[in-house]
Each structure stands twice: as C-alpha cells, then as structure tokens.
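K.L.:
Please read through the structure below; I'll follow up with questions.
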Amino acid sequence: MKTDLRQFLEAAGFYRIPLQKLATGHYKCTVRVNDIPGIFIIDTGASSSCIGAAQAETFRLEKEDSEIKAAGAGAINMQTQLARSNRLRIGGKSIRNVELVIFDLTHVNQALAQAEETAVDGIIGADLLKKYRAVIDYGRNVLYLK
C-alpha cells in the first residue's frame with residue numbers, strides 16, 4: 001500500500017499550511033500574530049522569525065531593546081528589538097510564547113517590489129521551523145508543522 005506524504009504527515013499530527021510561491025522563489029503564507037493577520041515569507045535561511053519595525057504596532061508587539069544585530073538580503077548591522085510572549089497561528093497550528101525579532105524590512109520589501117510582488121509583514125525563520133519540525137513539500141507548495 002502506497003502512502004503519500006500528506007497522509008503520512010497528517011496521520012503523524014502535522015498541520016498542513018498551503019503556501020504561495022513568489023516570483024523571487026520565496027514562499028509566503030498568512031500568519032496571525034496576536035490575532036492580527038499578516039503576510040510572512042517562509043525563510044529556512046533566516047535564523048530568527050521577524051516582524052518589520054513598521055508593523056510592530058499593528059501586531060500589538062511589546063518591544064524591548066536588543067543587542068542582536070540583524071543581517072541578510074544585502075543589509076548588515078541593523079538595529080533590532082525583541083517582542084516576547086506573542087501568539088501565532090499558521091494555518092491550523094497555534095503557537096504561544098513566541099519571541100519575534102523586530103527590525104526594518106524595507107530592504108526585503110524593496111527586493112519583492114522589484115519582482116512585482118507585494119510587501120510582507122514578516123519572516124518565519126529557522127527557529128520556528130526547526131522547533132515545529134517543518135517539512136516543506138516544494139512540489140505541492142505546502143508547509144507542514146507538528
């Protein structure tokens with residue numbers, strides 16, 4: 001009997017989250033942060049999950065200063081802040097006590113705009129992807145989280 005990936009993962013308690021592939025090759029999905037919906041990129045190369053500084057108030061984040069410097073997508077040494085104890089909902093998966101890095105995502109959104117894609121509010125990074133045992137089915141544009 002042949003079992004496909006979806007059946008196998010769902011039987012093991014994974015949540016299935018449809019993704020949209022962008023012209024840049026990135027994938028995005030809707031994520032609710034503190035019950036507010038936003039658009040996030042799935043980025044296995046980002047060490048931490050982040051929200052753009054311009055969106056911090058929208059998502060009701062309680063900010064605190066951070067010594068962490070952010071780098072990526074052509075930008076280095078960017079100032080960051082932290083927001084602790086946030087609630088995320090990705091598809092049917094609810095996650096509590098999530099720490100998010102807050103920093104300026106202008107460079108990310110400029111790169112997306114050059115590819116004629118809409119801006120994003122944040123990034124789901126390797127911290128959450130690893131913790132919730134992410135499986136990405138690139139053939140079907142789907143993320144699974146346990």
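Chain labels A, B, ... are given in the sequence in which chains occur in the structure tokens; within each chain residues are numbered consecutively from 1, and ligands are likewise numbered from 1 in the order shown.
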Using DSSP secondary structure from the backbone, list all strand (DSSP E) positions within stretch 13-146 of chain A, as number ranges by chain.
P.N.:
A: 15-18, 20-21, 27-33, 36-42, 50-52, 63-72, 75-90, 93-103, 122-124, 135-137, 142-145
K.L.:
Excluding A:Leu143 and any residue of its chain fewer than 5 positions from it, enumerate the residues within 9 Å of it, using only C-alpha atoms, and give them as a list in words.
P.N.:
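My reading of the contact set: Tyr15, Arg16, Ile17, Pro18, Leu19, Ile42, Ala134, Val135, Ile136, Asp137 and Tyr138 of chain A.
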K.L.:
Keeping only N, CA and C atoms, write the selected residues to a file as a JSON list (two decimals), in the first residue's frame.
P.N.:
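The result, written out as part-v1.json:
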[["chain", "number", "residue", "atom", "x", "y", "z"],
["A", 15, "TYR", "N", 0.25, 19.74, 10.87],
["A", 15, "TYR", "CA", -0.72, 20.66, 10.28],
["A", 15, "TYR", "C", -0.26, 21.02, 8.87],
["A", 16, "ARG", "N", -1.19, 21.06, 7.93],
["A", 16, "ARG", "CA", -0.88, 21.37, 6.54],
["A", 16, "ARG", "C", -1.19, 22.84, 6.28],
["A", 17, "ILE", "N", -0.20, 23.58, 5.76],
["A", 17, "ILE", "CA", -0.33, 25.01, 5.51],
["A", 17, "ILE", "C", 0.00, 25.29, 4.04],
["A", 18, "PRO", "N", -1.00, 25.67, 3.24],
["A", 18, "PRO", "CA", -0.72, 26.00, 1.84],
["A", 18, "PRO", "C", 0.18, 27.24, 1.74],
["A", 19, "LEU", "N", 1.08, 27.20, 0.79],
["A", 19, "LEU", "CA", 1.99, 28.31, 0.54],
["A", 19, "LEU", "C", 1.76, 28.86, -0.86],
["A", 42, "ILE", "N", 8.36, 32.39, 4.26],
["A", 42, "ILE", "CA", 8.98, 31.24, 4.91],
["A", 42, "ILE", "C", 10.44, 31.26, 4.47],
["A", 134, "ALA", "N", 9.31, 21.41, 10.79],
["A", 134, "ALA", "CA", 8.78, 21.78, 9.47],
["A", 134, "ALA", "C", 9.21, 20.81, 8.38],
["A", 135, "VAL", "N", 8.25, 20.51, 7.53],
["A", 135, "VAL", "CA", 8.50, 19.78, 6.30],
["A", 135, "VAL", "C", 7.90, 20.64, 5.19],
["A", 136, "ILE", "N", 8.72, 20.94, 4.19],
["A", 136, "ILE", "CA", 8.23, 21.72, 3.06],
["A", 136, "ILE", "C", 8.12, 20.80, 1.85],
["A", 137, "ASP", "N", 6.91, 20.72, 1.32],
["A", 137, "ASP", "CA", 6.67, 19.96, 0.09],
["A", 137, "ASP", "C", 6.71, 20.97, -1.05],
["A", 138, "TYR", "N", 7.88, 21.11, -1.65],
["A", 138, "TYR", "CA", 8.07, 22.10, -2.70],
["A", 138, "TYR", "C", 7.25, 21.76, -3.95]]
K.L.:
When distances are computed from only C-alpha atoms, which of A:Gly91, A:Gly38, A:Gly122, A:Gly25 shows the smallest separation from A:Leu105?
P.N.:
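Of the candidates, the smallest distance to A:Leu105 is held by A:Gly122.
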K.L.:
With a distance cut-off of 6 Å and only C-alpha atoms, select the neighbouring residues of A:Phe40, excluding the residue or stretch itself and same-chain residues fewer than 6 positions from it, and output the selection as a list in words.
P.N.:
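Non-adjacent residues within range: Lys28, Cys29, Val120, Asp121, Gly122 and Ile123 of chain A.
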K.L.:
If we count only C-alpha atoms, what is near A:Ile90 at a cut-off of 7 Å, once residues fewer than 6 positions away on the same chain are taken out, given as number ranges by chain?
P.N.:
A: 30-32
K.L.:
Can you tell me, as JSON, numbers by chain, which residues in stretch 32-140 of chain A count as helix (DSSP H, G or I) by DSSP?
P.N.:
{"A": [53, 54, 55, 106, 107, 108, 109, 110, 111, 112, 113, 114, 126, 127, 128, 129, 130, 131]}
K.L.:
Can you write out the residues you just picked, keeping all heavy atoms, as a short mmCIF file (atom, residue, chain, number, x, y, z; two decimals), in the first residue's frame?
P.N.:
data_model
loop_
_atom_site.label_atom_id
_atom_site.label_comp_id
_atom_site.auth_asym_id
_atom_site.auth_seq_id
_atom_site.Cartn_x
_atom_site.Cartn_y
_atom_site.Cartn_z
N ALA A 53 9.67 46.50 11.57
CA ALA A 53 9.51 47.55 12.59
C ALA A 53 8.26 48.39 12.33
O ALA A 53 7.57 48.80 13.26
CB ALA A 53 10.76 48.42 12.63
N ALA A 54 7.95 48.63 11.06
CA ALA A 54 6.80 49.45 10.72
C ALA A 54 5.48 48.77 11.08
O ALA A 54 4.46 49.43 11.22
CB ALA A 54 6.82 49.77 9.22
N GLN A 55 5.50 47.45 11.26
CA GLN A 55 4.29 46.70 11.58
C GLN A 55 4.15 46.36 13.06
O GLN A 55 3.15 45.78 13.48
CB GLN A 55 4.24 45.38 10.78
CG GLN A 55 4.01 45.57 9.31
CD GLN A 55 5.26 46.00 8.55
OE1 GLN A 55 6.37 45.84 9.02
NE2 GLN A 55 5.07 46.57 7.37
N THR A 106 12.53 47.01 5.13
CA THR A 106 12.46 47.79 3.89
C THR A 106 13.25 47.13 2.77
O THR A 106 12.77 47.02 1.64
CB THR A 106 12.98 49.23 4.12
OG1 THR A 106 12.17 49.83 5.13
CG2 THR A 106 12.91 50.05 2.86
N HIS A 107 14.46 46.65 3.07
CA HIS A 107 15.31 46.03 2.03
C HIS A 107 14.65 44.77 1.46
O HIS A 107 14.74 44.50 0.27
CB HIS A 107 16.70 45.74 2.58
CG HIS A 107 16.71 44.75 3.70
ND1 HIS A 107 16.23 45.06 4.96
CD2 HIS A 107 17.11 43.46 3.75
CE1 HIS A 107 16.35 43.99 5.74
NE2 HIS A 107 16.87 43.01 5.03
N VAL A 108 13.96 44.00 2.30
CA VAL A 108 13.26 42.81 1.84
C VAL A 108 12.11 43.20 0.92
O VAL A 108 11.94 42.65 -0.17
CB VAL A 108 12.73 41.99 3.04
CG1 VAL A 108 11.83 40.85 2.57
CG2 VAL A 108 13.88 41.46 3.88
N ASN A 109 11.33 44.18 1.36
CA ASN A 109 10.18 44.60 0.57
C ASN A 109 10.57 45.32 -0.71
O ASN A 109 9.86 45.25 -1.72
CB ASN A 109 9.20 45.40 1.43
CG ASN A 109 8.43 44.48 2.36
OD1 ASN A 109 8.01 43.40 1.97
ND2 ASN A 109 8.26 44.91 3.60
N GLN A 110 11.72 45.99 -0.72
CA GLN A 110 12.20 46.60 -1.97
C GLN A 110 12.56 45.51 -2.98
O GLN A 110 12.26 45.65 -4.17
CB GLN A 110 13.41 47.49 -1.69
CG GLN A 110 13.04 48.81 -1.03
CD GLN A 110 14.25 49.63 -0.63
OE1 GLN A 110 15.37 49.13 -0.53
NE2 GLN A 110 14.02 50.91 -0.39
N ALA A 111 13.20 44.45 -2.50
CA ALA A 111 13.54 43.33 -3.40
C ALA A 111 12.28 42.68 -3.95
O ALA A 111 12.21 42.33 -5.14
CB ALA A 111 14.40 42.31 -2.66
N LEU A 112 11.26 42.53 -3.11
CA LEU A 112 9.99 41.97 -3.58
C LEU A 112 9.33 42.90 -4.60
O LEU A 112 8.80 42.43 -5.61
CB LEU A 112 9.05 41.72 -2.40
CG LEU A 112 9.44 40.58 -1.47
CD1 LEU A 112 8.56 40.58 -0.23
CD2 LEU A 112 9.36 39.24 -2.19
N ALA A 113 9.37 44.20 -4.35
CA ALA A 113 8.76 45.18 -5.27
C ALA A 113 9.44 45.12 -6.64
O ALA A 113 8.77 45.24 -7.67
CB ALA A 113 8.85 46.59 -4.68
N GLN A 114 10.76 44.91 -6.66
CA GLN A 114 11.47 44.81 -7.94
C GLN A 114 10.99 43.61 -8.75
O GLN A 114 11.04 43.61 -9.97
CB GLN A 114 12.98 44.71 -7.72
CG GLN A 114 13.58 46.03 -7.30
CD GLN A 114 15.08 45.93 -7.06
OE1 GLN A 114 15.65 44.86 -7.00
NE2 GLN A 114 15.71 47.08 -6.90
N ALA A 126 14.10 29.85 10.78
CA ALA A 126 14.51 28.51 11.20
C ALA A 126 14.21 28.22 12.66
O ALA A 126 14.04 27.05 13.03
CB ALA A 126 16.01 28.33 10.92
N ASP A 127 14.13 29.24 13.51
CA ASP A 127 13.82 28.98 14.93
C ASP A 127 12.49 28.25 15.06
O ASP A 127 12.41 27.20 15.72
CB ASP A 127 13.83 30.28 15.75
CG ASP A 127 12.88 31.36 15.21
OD1 ASP A 127 12.46 31.30 14.04
OD2 ASP A 127 12.59 32.30 15.98
N LEU A 128 11.45 28.75 14.42
CA LEU A 128 10.14 28.10 14.50
C LEU A 128 10.06 26.87 13.59
O LEU A 128 9.46 25.87 13.96
CB LEU A 128 9.03 29.08 14.13
CG LEU A 128 8.81 30.22 15.13
CD1 LEU A 128 7.74 31.17 14.62
CD2 LEU A 128 8.44 29.68 16.50
N LEU A 129 10.68 26.95 12.43
CA LEU A 129 10.64 25.82 11.50
C LEU A 129 11.28 24.58 12.13
O LEU A 129 10.74 23.47 12.01
CB LEU A 129 11.32 26.18 10.18
CG LEU A 129 10.64 27.31 9.39
CD1 LEU A 129 11.50 27.72 8.20
CD2 LEU A 129 9.24 26.93 8.96
N LYS A 130 12.37 24.77 12.82
CA LYS A 130 13.04 23.63 13.47
C LYS A 130 12.24 23.14 14.67
O LYS A 130 12.01 21.94 14.84
CB LYS A 130 14.45 24.02 13.90
CG LYS A 130 15.20 22.87 14.53
CD LYS A 130 16.62 23.22 14.86
CE LYS A 130 17.29 22.01 15.49
NZ LYS A 130 18.67 22.29 15.87
N LYS A 131 11.79 24.06 15.51
CA LYS A 131 11.08 23.69 16.73
C LYS A 131 9.81 22.90 16.43
O LYS A 131 9.45 21.97 17.15
CB LYS A 131 10.73 24.96 17.53
CG LYS A 131 10.06 24.66 18.85
CD LYS A 131 9.88 25.92 19.67
CE LYS A 131 9.27 25.60 21.02
NZ LYS A 131 9.14 26.81 21.85
#
